[in-house]
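The data block below is model00.cif; it holds mmCIF, C-alpha atoms.
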```
data_target
loop_
_atom_site.label_atom_id
_atom_site.label_comp_id
_atom_site.auth_asym_id
_atom_site.auth_seq_id
_atom_site.Cartn_x
_atom_site.Cartn_y
_atom_site.Cartn_z
CA MET A 1 0.00 0.00 0.00
CA THR A 2 1.39 3.39 -0.95
CA SER A 3 0.73 6.45 1.11
CA PRO A 4 -1.46 9.10 -0.54
CA THR A 5 0.42 11.80 -2.42
CA PRO A 6 -0.04 15.45 -1.44
CA PRO A 7 -2.34 17.50 -3.69
CA LYS A 8 -0.45 19.69 -6.16
CA LEU A 9 -1.66 23.18 -5.32
CA PRO A 10 -0.33 26.32 -7.00
CA THR A 11 1.76 28.71 -4.91
CA PRO A 12 0.13 32.16 -4.54
CA SER A 13 1.53 34.94 -6.68
CA THR A 14 3.23 37.82 -4.87
CA SER A 15 4.22 39.63 -8.07
CA HIS A 16 2.36 42.77 -6.92
CA ILE A 17 5.03 43.20 -4.22
CA THR A 18 7.71 45.34 -5.81
CA SER A 19 9.68 47.35 -3.31
CA GLN A 20 7.66 47.19 -0.09
CA PRO A 21 9.70 46.15 2.97
CA VAL A 22 7.95 42.87 3.79
CA TYR A 23 9.46 39.45 4.44
CA PRO A 24 9.76 37.83 1.01
CA PRO A 25 8.44 34.27 0.52
CA SER A 26 11.31 32.08 1.74
CA GLU A 27 12.18 28.48 2.65
CA ASP A 28 10.25 28.76 5.91
CA SER A 29 7.13 30.02 4.09
CA TYR A 30 7.29 27.12 1.62
CA LEU A 31 7.77 24.62 4.45
CA LEU A 32 4.47 25.81 5.94
CA LEU A 33 2.71 25.31 2.59
CA ASP A 34 4.15 21.78 2.39
CA ALA A 35 3.16 20.98 5.99
CA PHE A 36 -0.49 21.84 5.36
CA SER A 37 -0.42 19.86 2.10
CA LEU A 38 0.63 16.59 3.81
CA PRO A 39 -2.19 14.03 3.55
CA SER A 40 -1.65 13.23 7.23
CA GLU A 41 -2.16 16.90 8.15
CA ILE A 42 -5.26 17.24 5.96
CA ALA A 43 -6.68 14.21 7.80
CA PHE A 44 -5.71 15.63 11.21
CA ILE A 45 -7.41 18.98 10.65
CA SER A 46 -10.51 17.38 9.14
CA SER A 47 -10.90 15.26 12.25
CA ARG A 48 -10.42 18.28 14.58
CA LEU A 49 -12.80 20.51 12.61
CA PRO A 50 -15.26 18.16 10.89
CA PRO A 51 -17.83 19.56 8.42
CA HIS A 52 -21.14 20.69 10.01
CA THR A 53 -19.35 21.93 13.13
CA PRO A 54 -19.36 25.74 13.56
CA SER A 55 -17.32 27.55 10.93
CA PRO A 56 -13.63 27.66 11.92
CA LEU A 57 -11.68 30.91 12.33
CA LEU A 58 -8.18 30.73 10.80
CA ILE A 59 -5.63 33.37 11.75
CA GLU A 60 -2.03 33.94 10.76
CA ILE A 61 0.26 36.07 12.93
CA GLY A 62 2.97 37.92 11.01
CA THR A 63 1.61 37.49 7.50
CA GLY A 64 4.44 39.39 5.75
CA SER A 65 3.88 38.94 2.01
CA GLY A 66 0.64 37.07 2.71
CA ILE A 67 1.76 33.95 0.84
CA VAL A 68 0.88 31.46 3.60
CA SER A 69 -2.53 32.95 4.42
CA ALA A 70 -3.36 33.22 0.72
CA PHE A 71 -2.47 29.56 0.16
CA LEU A 72 -4.56 28.37 3.12
CA ALA A 73 -7.54 30.59 2.29
CA ALA A 74 -7.61 29.85 -1.44
CA HIS A 75 -7.22 26.07 -1.05
CA ALA A 76 -9.37 25.62 2.06
CA GLY A 77 -11.68 23.14 0.31
CA THR A 78 -8.71 20.85 -0.41
CA LEU A 79 -6.65 21.40 2.75
CA PHE A 80 -9.46 21.52 5.33
CA ASN A 81 -12.26 19.72 3.45
CA ARG A 82 -14.55 22.72 3.89
CA THR A 83 -14.87 26.26 2.53
CA ASP A 84 -17.04 27.62 5.35
CA ILE A 85 -13.97 29.07 7.05
CA ILE A 86 -13.23 32.73 7.85
CA THR A 87 -9.68 34.10 7.96
CA LEU A 88 -7.91 37.11 9.45
CA GLY A 89 -4.31 38.23 9.01
CA LEU A 90 -2.39 39.99 11.78
CA ASP A 91 0.89 41.87 11.44
CA VAL A 92 2.61 44.69 13.32
CA SER A 93 3.41 46.33 9.98
CA TYR A 94 0.70 48.31 8.22
CA THR A 95 2.65 47.91 4.98
CA ALA A 96 2.57 44.12 5.38
CA ASN A 97 -1.17 44.25 6.05
CA THR A 98 -1.94 46.23 2.89
CA VAL A 99 0.22 43.88 0.81
CA THR A 100 -1.25 40.73 2.41
CA ALA A 101 -4.85 41.82 1.79
CA THR A 102 -4.04 42.03 -1.92
CA THR A 103 -2.20 38.68 -1.99
CA ILE A 104 -5.13 36.90 -0.32
CA SER A 105 -7.87 38.58 -2.36
CA ASN A 106 -6.09 37.92 -5.67
CA THR A 107 -5.39 34.28 -4.83
CA CYS A 108 -8.92 33.57 -3.59
CA SER A 109 -10.40 35.14 -6.75
CA SER A 110 -8.40 32.63 -8.82
CA HIS A 111 -9.79 29.67 -6.84
CA PRO A 112 -13.49 30.42 -6.27
CA GLN A 113 -14.46 26.76 -5.85
CA THR A 114 -12.10 26.04 -2.93
CA SER A 115 -11.72 29.44 -1.24
CA ALA A 116 -12.51 30.30 2.35
CA THR A 117 -13.81 33.81 3.13
CA PHE A 118 -11.04 36.28 3.90
CA LEU A 119 -12.28 38.99 6.28
CA ASP A 120 -9.52 41.44 7.15
CA CYS A 121 -5.94 42.26 7.94
CA ILE A 122 -5.38 44.01 11.25
CA THR A 123 -2.35 45.79 12.66
CA SER A 124 -1.73 44.00 15.95
CA ASP A 125 0.99 42.80 18.30
CA LEU A 126 0.45 39.00 18.23
CA THR A 127 -3.23 38.31 19.02
CA SER A 128 -3.78 41.23 21.42
CA CYS A 129 -6.69 42.56 19.31
CA LEU A 130 -8.72 39.34 19.60
CA LYS A 131 -11.60 38.34 21.81
CA PRO A 132 -10.34 35.50 24.05
CA ASN A 133 -10.39 31.84 22.91
CA CYS A 134 -11.82 32.23 19.42
CA VAL A 135 -9.04 30.91 17.13
CA ASP A 136 -9.39 27.42 15.63
CA ILE A 137 -6.33 27.36 13.36
CA LEU A 138 -3.44 29.67 14.29
CA VAL A 139 -0.33 29.89 12.12
CA PHE A 140 2.89 31.56 13.22
CA ASN A 141 6.15 31.83 11.33
CA PRO A 142 7.86 33.93 14.01
CA PRO A 143 10.98 36.07 13.96
CA TYR A 144 13.02 32.99 14.95
CA VAL A 145 16.66 33.90 14.30
CA PRO A 146 18.71 34.06 17.51
CA THR A 147 20.08 37.63 17.77
CA SER A 148 21.98 39.51 20.45
CA GLU A 149 19.42 42.30 20.36
CA HIS A 150 15.66 42.02 20.09
CA PRO A 151 14.11 45.04 18.31
CA SER A 152 11.39 46.70 20.36
CA LEU A 153 7.98 47.54 18.89
CA SER A 154 8.12 51.00 20.48
CA THR A 155 8.95 52.73 17.17
CA LEU A 156 5.73 51.38 15.63
CA ARG A 157 3.72 52.08 18.76
CA GLN A 158 4.43 55.79 18.78
CA GLY A 159 3.01 58.17 16.21
CA GLY A 160 -0.36 56.56 15.56
CA GLN A 161 -1.11 55.54 11.99
CA GLN A 162 1.86 54.00 10.10
CA LYS A 163 2.58 55.00 6.51
CA VAL A 164 2.80 52.46 3.73
CA ILE A 165 6.46 52.20 2.83
CA VAL A 166 7.11 51.62 -0.87
CA ASN A 167 10.13 52.67 -2.93
CA ALA A 168 11.93 54.22 0.02
CA LYS A 169 13.82 57.35 -0.98
CA SER A 170 14.29 59.44 2.17
CA LYS A 171 16.66 58.63 5.05
CA GLU A 172 13.64 58.31 7.31
CA ASP A 173 12.03 55.71 5.02
CA TYR A 174 15.31 53.75 4.68
CA ASP A 175 15.58 53.61 8.46
CA MET A 176 11.99 52.42 8.72
CA GLU A 177 12.68 49.74 6.09
CA ASP A 178 15.69 48.43 8.04
CA TYR A 179 13.64 48.42 11.23
CA LEU A 180 10.69 46.59 9.61
CA PHE A 181 13.05 43.96 8.15
CA SER A 182 14.68 43.46 11.55
CA LEU A 183 11.23 42.80 13.04
CA THR A 184 10.63 40.01 10.48
CA TYR A 185 13.54 37.83 11.58
CA ALA A 186 15.25 38.97 14.81
CA GLY A 187 14.10 36.70 17.61
CA GLY A 188 16.43 37.80 20.41
CA ASP A 189 17.59 35.25 22.97
CA LYS A 190 17.55 31.75 21.39
CA GLY A 191 15.30 33.33 18.74
CA MET A 192 12.42 32.72 21.15
CA GLU A 193 11.54 36.12 22.63
CA THR A 194 8.45 36.70 20.44
CA THR A 195 7.41 33.03 20.33
CA ASP A 196 7.62 32.80 24.11
CA ARG A 197 5.19 35.70 24.45
CA LEU A 198 2.67 33.85 22.27
CA LEU A 199 3.08 30.57 24.15
CA ASP A 200 2.48 32.42 27.43
CA GLN A 201 -0.98 33.52 26.26
CA LEU A 202 -1.91 30.49 24.17
CA HIS A 203 -4.58 29.30 26.63
CA HIS A 204 -6.37 32.64 26.12
CA VAL A 205 -6.08 32.52 22.33
CA LEU A 206 -7.03 29.07 21.02
CA SER A 207 -10.55 27.65 21.17
CA GLU A 208 -11.04 24.24 22.80
CA ARG A 209 -10.58 22.60 19.38
CA GLY A 210 -7.87 25.07 18.30
CA VAL A 211 -4.45 24.16 16.91
CA LEU A 212 -1.32 26.31 16.64
CA TYR A 213 1.08 25.64 13.78
CA LEU A 214 4.46 26.99 14.83
CA LEU A 215 7.71 27.15 12.88
CA LEU A 216 10.97 26.63 14.78
CA CYS A 217 14.62 26.50 13.76
CA ALA A 218 17.24 24.32 15.43
CA GLY A 219 18.59 27.39 17.27
CA ASN A 220 15.26 27.68 19.11
CA ARG A 221 16.11 24.30 20.70
CA PRO A 222 12.86 22.49 19.84
CA PRO A 223 13.32 19.81 22.55
CA GLU A 224 13.32 22.59 25.19
CA VAL A 225 10.23 24.19 23.64
CA LEU A 226 8.53 20.78 23.63
CA GLU A 227 9.32 20.27 27.29
CA ARG A 228 8.00 23.73 28.14
CA VAL A 229 4.75 23.41 26.14
CA THR A 230 3.87 19.94 27.37
CA GLY A 231 4.59 21.12 30.93
CA MET A 232 2.11 24.03 30.69
CA GLU A 233 -1.21 23.78 32.52
CA SER A 234 -4.27 22.22 30.85
CA GLY A 235 -2.45 19.42 29.05
CA TRP A 236 -0.95 20.65 25.78
CA LYS A 237 0.35 18.31 23.10
CA MET A 238 3.15 19.29 20.73
CA GLU A 239 3.96 17.18 17.67
CA ARG A 240 6.39 17.66 14.80
CA VAL A 241 4.64 17.85 11.42
CA ILE A 242 7.62 18.29 9.08
CA GLU A 243 11.35 19.06 9.20
CA ARG A 244 13.73 20.23 6.49
CA ARG A 245 17.32 21.37 6.10
CA ALA A 246 17.31 24.73 4.29
CA GLY A 247 20.66 26.40 3.66
CA GLY A 248 22.37 26.63 7.02
CA GLU A 249 19.18 26.07 8.99
CA ILE A 250 17.13 23.10 10.11
CA LEU A 251 13.51 24.22 10.08
CA SER A 252 10.58 22.34 11.58
CA ILE A 253 6.86 22.88 11.94
CA TRP A 254 4.98 21.76 15.02
CA ARG A 255 1.33 21.52 15.91
CA ILE A 256 0.31 22.46 19.43
CA TYR A 257 -3.15 21.69 20.78
CA ARG A 258 -5.10 20.55 23.82
CA MET B 1 -12.90 46.26 8.21
CA LYS B 2 -15.95 44.10 7.80
CA LEU B 3 -18.79 44.32 10.28
CA LEU B 4 -18.39 40.59 11.02
CA THR B 5 -14.77 41.09 12.12
CA ALA B 6 -15.95 43.21 15.06
CA ASN B 7 -17.48 40.04 16.54
CA PHE B 8 -13.95 38.67 17.10
CA LEU B 9 -12.17 41.77 18.40
CA SER B 10 -11.87 43.26 21.86
CA CYS B 11 -9.77 45.96 23.50
CA ALA B 12 -6.02 45.21 23.35
CA VAL B 13 -5.40 46.70 26.80
CA LYS B 14 -4.66 43.76 29.07
CA SER B 15 -6.74 44.93 32.02
CA CYS B 16 -9.76 45.39 29.72
CA LYS B 17 -9.82 41.78 28.47
CA SER B 18 -11.83 40.56 31.45
CA SER B 19 -14.27 43.49 31.33
CA PRO B 20 -17.58 42.83 29.56
CA LEU B 21 -17.48 46.50 28.45
CA SER B 22 -14.45 45.84 26.19
CA PHE B 23 -16.58 43.79 23.77
CA PRO B 24 -17.85 44.68 21.31
CA LEU B 25 -15.81 47.77 20.54
CA HIS B 26 -18.02 50.63 19.40
CA PHE B 27 -17.83 52.02 15.89
CA ARG B 28 -17.54 55.78 15.65
CA ASP B 29 -17.22 58.20 12.70
CA ALA B 30 -17.45 55.27 10.29
CA GLU B 31 -17.24 55.79 6.54
CA LEU B 32 -18.80 52.76 4.89
CA ALA B 33 -18.37 51.09 1.54
CA SER B 34 -20.04 48.06 0.06
CA LYS B 35 -17.63 45.42 -1.22
CA SER B 36 -18.79 42.41 -3.19
CA VAL B 37 -17.99 39.06 -1.51
CA PRO B 38 -18.94 35.62 -2.93
CA TYR B 39 -22.16 34.42 -1.25
CA ASN B 40 -21.61 31.27 0.81
CA PRO B 41 -24.86 30.18 2.54
CA LEU B 42 -23.14 27.21 4.20
CA LEU B 43 -20.64 29.58 5.81
CA LEU B 44 -23.38 31.84 7.14
CA SER B 45 -25.46 29.02 8.59
CA ASN B 46 -22.41 27.39 10.22
CA LEU B 47 -21.18 30.77 11.51
CA LEU B 48 -24.45 31.63 13.26
CA PRO B 49 -23.97 29.24 16.20
CA ARG B 50 -20.65 30.86 17.14
CA LEU B 51 -21.60 34.52 16.74
CA ASP B 52 -22.31 36.74 19.73
CA TRP B 53 -25.68 37.94 18.48
CA THR B 54 -26.19 40.72 21.03
CA ALA B 55 -22.81 42.20 20.11
CA LEU B 56 -23.64 41.88 16.42
CA VAL B 57 -26.93 43.74 16.87
CA THR B 58 -25.04 46.53 18.66
CA SER B 59 -22.30 46.78 16.00
CA SER B 60 -24.86 46.73 13.20
CA SER B 61 -27.00 49.45 14.71
CA GLU B 62 -23.90 51.65 15.12
CA LEU B 63 -23.44 51.39 11.36
CA GLY B 64 -27.12 51.98 10.60
CA PHE B 65 -28.37 48.41 10.12
CA THR B 66 -31.19 46.77 12.05
CA LEU B 67 -30.83 43.06 12.73
CA PRO B 68 -33.54 40.90 14.36
CA ALA B 69 -33.28 41.14 18.16
CA THR B 70 -32.84 37.37 18.51
CA LYS B 71 -30.52 35.08 16.59
CA PRO B 72 -32.35 33.55 13.60
CA LEU B 73 -32.89 29.80 13.92
CA LEU B 74 -32.21 28.06 10.64
CA GLN B 75 -33.26 24.60 9.55
CA SER B 76 -30.02 22.73 8.88
CA GLU B 77 -31.68 20.69 6.09
CA ASN B 78 -33.21 22.25 2.94
CA ILE B 79 -33.17 25.97 3.53
CA GLY B 80 -36.55 27.53 2.71
CA GLU B 81 -37.24 30.84 1.00
CA GLU B 82 -37.61 32.78 4.23
CA ASP B 83 -34.29 31.44 5.58
CA GLU B 84 -32.66 32.20 2.24
CA ASN B 85 -33.78 35.83 2.54
CA THR B 86 -32.36 35.98 6.08
CA LEU B 87 -29.01 34.57 4.90
CA LYS B 88 -28.81 37.04 2.02
CA MET B 89 -29.56 39.93 4.36
CA LEU B 90 -26.86 38.69 6.79
CA HIS B 91 -24.39 38.29 3.93
CA LYS B 92 -24.95 41.88 2.87
CA VAL B 93 -24.61 43.30 6.38
CA LEU B 94 -21.87 41.09 7.84
CA MET B 95 -19.68 40.28 4.85
CA GLU B 96 -20.17 43.11 2.37
CA THR B 97 -20.33 46.13 4.69
CA GLU B 98 -16.88 47.55 5.07
CA VAL B 99 -15.70 50.32 7.40
CA VAL B 100 -13.08 52.07 5.29
CA GLU B 101 -12.26 54.90 7.70
CA GLY B 102 -13.31 55.40 11.29
CA LYS B 103 -12.70 54.36 14.86
CA MET B 104 -13.51 51.56 17.28
CA VAL B 105 -13.83 52.66 20.87
CA CYS B 106 -13.47 50.55 24.02
CA GLY B 107 -16.45 50.88 26.36
CA SER B 108 -14.21 50.16 29.33
CA CYS B 109 -11.10 52.36 28.97
CA GLY B 110 -12.25 54.65 26.15
CA PHE B 111 -9.21 53.97 23.94
CA GLU B 112 -9.88 54.68 20.26
CA TYR B 113 -8.54 52.27 17.64
CA GLY B 114 -8.22 53.89 14.21
CA ILE B 115 -9.37 52.25 10.99
CA HIS B 116 -7.55 53.54 7.92
CA GLN B 117 -8.12 52.22 4.40
CA SER B 118 -10.07 49.31 5.94
CA VAL B 119 -7.16 48.21 8.20
CA GLY B 120 -7.70 48.50 11.96
CA ASN B 121 -4.72 49.65 14.03
CA PHE B 122 -4.57 47.77 17.34
CA LEU B 123 -0.95 48.54 18.21
CA LEU B 124 -1.16 50.31 21.56
CA PRO B 125 1.14 53.19 22.49
CA SER B 126 3.96 52.01 24.74
CA HIS B 127 2.50 53.48 27.93
CA LEU B 128 -0.59 51.22 27.62
CA VAL B 129 1.33 47.97 27.13
#
```

Starting from the file, give its structure as structure tokens.
Amino acid sequence: MTSPTPPKLPTPSTSHITSQPVYPPSEDSYLLLDAFSLPSEIAFISSRLPPHTPSPLLIEIGTGSGIVSAFLAAHAGTLFNRTDIITLGLDVSYTANTVTATTISNTCSSHPQTSATFLDCITSDLTSCLKPNCVDILVFNPPYVPTSEHPSLSTLRQGGQQKVIVNAKSKEDYDMEDYLFSLTYAGGDKGMETTDRLLDQLHHVLSERGVLYLLLCAGNRPPEVLERVTGMESGWKMERVIERRAGGEILSIWRIYR
Amino acid sequence: MKLLTANFLSCAVKSCKSSPLSFPLHFRDAELASKSVPYNPLLLSNLLPRLDWTALVTSSSELGFTLPATKPLLQSENIGEEDENTLKMLHKVLMETEVVEGKMVCGSCGFEYGIHQSVGNFLLPSHLV
């Protein structure tokens, strides 16, 4: 008996992104697409969120280019066996949110038969804008690179509404570009400073049937994360979905649920 | 921001999360637009059980729409004409009504979250984190 082969689903186009400072689709993004395409993962999610149960809410934190959210939203019928799903994208960068909304809308329009319903992108630090315990599928490709310094969000927090940065020309815009790029990858101590903040609040974020899909690199010390998560109150499980060597990194995706 | 989205948001200030006044946030100075969204009756009928109807009635009235005071009960099998009309009305209000510019205000702390070009800004200033 051969194991079922993953469906061949087209990768969303991000050709509308020209010179905006967002995290470009990279090995870690593609690993997430491959994780959700695994027949074993399609079966797992279908059993957690079977058809006829209330419509699931799917949220990605740190959407960047929007490629992962667009893939999941446009191919919901294939990946989750249902299209009655609503999705939101969250990012600290207003530029990323404007770009992501376009990526998702364009991709869903190309796949009307299998698309979920994309609602909105929201500028938010992690899930702080959400009503407690409403997320059924949460996806996070965090800033995971271990760095000596962890950039603070204070620059984005001051000054109210952010501008969209495109085709930076002034010194001020170049500085903002550098800062936004640093936020996409710099994870501070063990690359875990942002991820740790999410794990701390996870019991307030996920619904009872909710699942977090989290990307880690070897520098995050996955065995230590596993020990921490499974030691948290209310009985969390953490299982590796896929692992891949990419350049100098070993990347893995884990599912975390109660 | 779609009207439906408001049913999943609450004030980002930590001490407000446990306050019933922080949900729903209240729309203010809203400029609306209608945006076409593919109609998915299955989505609407499977969404209904998880929606906070009272909050939805409040949000809708703030944007000038009147929803029934109680959550519509739909037959899960063969949707009749009356139910179909209800679903189409809900689709128009929840999915196709977009707040392009405006604010959402917390009923507990009074903080105002801006909405600009349909994107809500929930990043708090440093002194509120």

Problem set entry | Proximity to B:Phe27 - best of B:Trp53, B:Tyr113, B:Tyr39, B:Phe65, all atoms listed in the file | B:Tyr113

Exercise. Written as a PyMOL selection string, what is the full residue list that the PyMOL selection byres ((chain B) within 10 of (chain A)) yields on the file shown?
Worked result: chain B and resi 1-14+17-18+22-24+37-51+76+94-96+98+113-129

Problem set entry | Ground truth for the PyMOL selection byres ((chain A and resi 245) around 12), written as an MDAnalysis selection string | chainID A and resid 27:28 31 216:218 242:244 246:252

For this session: Pull out every residue that the PyMOL selection byres ((chain A and resi 39) around 10) matches in the shown coordinates and put them as an NGL selection string.
Result: :A and (3-7 or 35-38 or 40-44 or 79)

Exercise. Neighbours of A:Arg240 within 7 Å (all atoms listed in the file; same-chain residues fewer than 2 positions away dropped), as a list in words?
Worked result: Met238, Ile242, Ile253, Trp254 and Arg255 of chain A

Can I get the selection written as a JSON list (two decimals), in the coordinates of the input, with C-alpha atoms?
```json
[["chain", "number", "residue", "atom", "x", "y", "z"],
["A", 238, "MET", "CA", 3.15, 19.29, 20.73],
["A", 242, "ILE", "CA", 7.62, 18.29, 9.08],
["A", 253, "ILE", "CA", 6.86, 22.88, 11.94],
["A", 254, "TRP", "CA", 4.98, 21.76, 15.02],
["A", 255, "ARG", "CA", 1.33, 21.52, 15.91]]
```

Problem set entry | Distance of atom CA of A:Asp189 from atom CA of A:Thr147, expressed in Å to one decimal place | 6.2 Å

For this session: Anything within 6 Å of (-7.8, 21.9, 28.3): list those residues as a list in words, counting all atoms listed in the file and sticking to the file's coordinates.
Result: Ser234, Gly235 and Arg258 of chain A

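Atom CA of A:Ser15 to atom CA of A:Ile104 spans 12.4 Å [interatomic distance, one decimal].
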
For this session: Enter the distance from atom CA of A:Lys190 to atom CA of A:Ile61, in Å, rounded to one decimal.
Result: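 According to the coordinates, atom CA of A:Lys190 and atom CA of A:Ile61 are separated by 19.7 Å.
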
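Residues in contact with A:Val22 at 7 Å, where all atoms listed in the file are counted and same-chain residues fewer than 3 positions away are skipped, are listed as Gly64, Ser65, Ala96 and Phe181 of chain A.
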
Problem set entry | Point (-22.5, 43.4, 22.2) neighbourhood (9 Å, all atoms listed in the file) written as a PyMOL selection string | chain B and resi 7+20-21+23-26+52-59

For this session: Fewer than 2 positions away in the same chain doesn't count, so skip those; otherwise give me all residues within 12 Å of A:Pro24, counting only C-alpha atoms, as a PyMOL selection string.
Result: chain A and resi 13-22+26-30+63-68+96+99-100+181+184-185

Listed atoms of stretch 33-40 of chain B boxed axis-aligned with 4 Å per side, centre + edges as AutoDock Vina command-line options:
```
--center_x -19.9 --center_y 41.2 --center_z -0.8 --size_x 12.5 --size_y 27.8 --size_z 12.7
```

Problem set entry | A:Thr114 environment, 6 Å, all atoms listed in the file, sequence neighbours closer than 3 positions dropped, as a ChimeraX atom specification | /A:75-77,111
